[in-house]
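S.K.: Dropping the structure in here first, questions after.
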Amino acid sequence: MRLPRIFMLFAYCIVIFACNSHEKEFQNIEAMQSEKTTIPYELMDCWANDSVLEVSPWKNAKYKLIHYIDSASCSSCYLQKVKINNFLFHMEELSNNEFYNVIILTPGSNAKKDLEHLFSEKLIPQTIFIDSANTFLQRNPHIPSETMYHTFLLDENDKAILVGNPITNKKIKELLMAIYEKKFGKIPEGEF
């Protein structure tokens, strides 16, 4: 007789915790969508070849998929996943760079050396921003510290319209494709 009551109390606690967790996620996303995101390009080192630097396509892009990787994450691991996933870069080409992947890293000192090697060997994307002073998060306190909020799509007003990583989340990928198709008419062939 006591076991069902304890079980019911335990189940109730799980439901309350899950609801509170989803409410917190909703509040975080709502905060991200209500604030403009500032990208302090001039305060970060840009690793790109000279021809890309001259054009600076990220500045004119109407839609930017932000990939922020902080020092707690494995920068080179994430970048290699992105590099392998050429689909995201085909999206840039098809949109004439009106859609652009902005990759911002805040690497630790050891990770920076590894990144320099990977970049020189062309094993990571052609353009990355190194944010050694952590200015991106300082300028954008509305972005939560949890990694799940560090990949998001900005619209032409620099407001987040989609939060989540399309490489690891099928639903986010589908939403990204729908937004892209609506704005640019066609989506690249192939798979993530």
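All residue names refer to the structure tokens as shown: chains lettered A, B, ... in order, residues numbered from 1 in each chain, ligands numbered from 1 in order.
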Region 56-72 of chain A: which residues within 6 Å, counting only C-alpha atoms, same-chain residues fewer than 4 positions away excluded, as JSON, numbers by chain?
M.R.: {"A": [52, 97, 98, 99, 100, 101, 102, 103, 104, 105, 106, 107, 108, 150, 151, 152, 153, 154, 155, 156]}
S.K.: Name all residues at most 9 Å from region 31-40 of chain A (count only C-alpha atoms; drop same-chain ones fewer than 3 positions away) and give them as a list in words.
M.R.: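 Result of the neighbour search: Phe26, Gln27, Asn28, Leu43, Met44, Thr135, Phe136, Arg139, Asn140, His142, Ile143, Pro144, Tyr149, Leu154, Asn157, Asp158, Lys159, Ala160, Ile161, Leu162 and Val163 of chain A.
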S.K.: List every residue of region 6-191 of chain A that DSSP, applied to the backbone of this structure, places in helix (DSSP H, G or I), and write the result as a ChimeraX atom specification.
M.R.: /A:6-34,41-43,50-55,57-60,75-84,87-94,109-120,135-139,147-149,170-184
S.K.: With only C-alpha atoms as the atoms that count, which of A:Phe89, A:Tyr41, A:Tyr78, A:Tyr180 lies nearest to Ile130 (chain A)?
M.R.: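 Going through A:Phe89, A:Tyr41, A:Tyr78, A:Tyr180 one by one, the smallest distance to Ile130 (chain A) is for A:Tyr41.
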S.K.: Find, counting only C-alpha atoms, the residue in A:Glu42, A:Glu23, A:Glu93, A:Asp114 that gets nearest to Asp131 (chain A).
M.R.: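 Between A:Glu42, A:Glu23, A:Glu93, A:Asp114, the residue approaching Asp131 (chain A) most closely is A:Glu42.
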S.K.: Just give me the gap between CA of Ile179 (chain A) and CA of Glu146 (chain A) in Å, one decimal is fine.
M.R.: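 Value for the CA of Ile179 (chain A)-CA of Glu146 (chain A) distance: 24.5 Å.
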S.K.: If DSSP is run on the backbone, what residues of chain A are strand (DSSP E)? A reply as a JSON list (two decimals) with C-alpha atoms, in the first residue's frame would be ideal.
M.R.:
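What ended up in out02.json:
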```json
[["chain", "number", "residue", "atom", "x", "y", "z"],
["A", 45, "ASP", "CA", 41.08, 37.37, -34.94],
["A", 46, "CYS", "CA", 39.76, 36.19, -38.28],
["A", 47, "TRP", "CA", 41.48, 33.19, -39.78],
["A", 63, "TYR", "CA", 21.18, 35.14, -42.37],
["A", 64, "LYS", "CA", 24.01, 33.88, -40.19],
["A", 65, "LEU", "CA", 24.24, 30.46, -38.61],
["A", 66, "ILE", "CA", 26.31, 31.13, -35.49],
["A", 67, "HIS", "CA", 28.48, 28.30, -34.17],
["A", 68, "TYR", "CA", 29.95, 29.42, -30.85],
["A", 69, "ILE", "CA", 32.44, 27.02, -29.26],
["A", 99, "PHE", "CA", 23.50, 32.82, -45.69],
["A", 100, "TYR", "CA", 26.81, 32.39, -43.88],
["A", 101, "ASN", "CA", 28.28, 30.13, -41.21],
["A", 102, "VAL", "CA", 29.96, 32.30, -38.57],
["A", 103, "ILE", "CA", 32.21, 30.11, -36.46],
["A", 104, "ILE", "CA", 33.43, 31.73, -33.24],
["A", 105, "LEU", "CA", 35.92, 29.97, -30.97],
["A", 128, "ILE", "CA", 36.89, 31.00, -38.22],
["A", 129, "PHE", "CA", 36.94, 33.78, -35.65],
["A", 130, "ILE", "CA", 39.16, 33.41, -32.60],
["A", 151, "THR", "CA", 24.31, 27.24, -32.35],
["A", 152, "PHE", "CA", 21.57, 29.50, -33.66],
["A", 153, "LEU", "CA", 20.34, 31.25, -36.79],
["A", 154, "LEU", "CA", 20.22, 35.04, -36.93],
["A", 160, "ALA", "CA", 17.79, 34.58, -33.26],
["A", 161, "ILE", "CA", 15.02, 32.86, -35.19],
["A", 162, "LEU", "CA", 16.17, 29.28, -34.60],
["A", 163, "VAL", "CA", 18.16, 27.86, -31.70]]
```
S.K.: Between CA of Ser132 (chain A) and CA of Ala111 (chain A), what is the spacing in Å?
M.R.: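 Separation between CA of Ala111 (chain A) and CA of Ser132 (chain A): 11.3 Å.
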S.K.: Go ahead and compute the interatomic distance for CA of Thr127 (chain A) and CA of Asn49 (chain A), in Å to one decimal.
M.R.: 7.8 Å
S.K.: For a quick check of understanding, using only C-alpha atoms, which of A:Leu137, A:Lys173, A:Leu115, A:Thr168 has the smallest distance to Cys77 (chain A)?
M.R.: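 Smallest separation from Cys77 (chain A) among the options: A:Leu115.
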S.K.: Quick one: of A:Ser95, A:Thr147, A:Ser51, A:Gln80, who's nearest to Glu181 (chain A), counting only C-alpha atoms?
M.R.: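 Comparing A:Ser95, A:Thr147, A:Ser51, A:Gln80 against Glu181 (chain A), the winner is A:Ser95.
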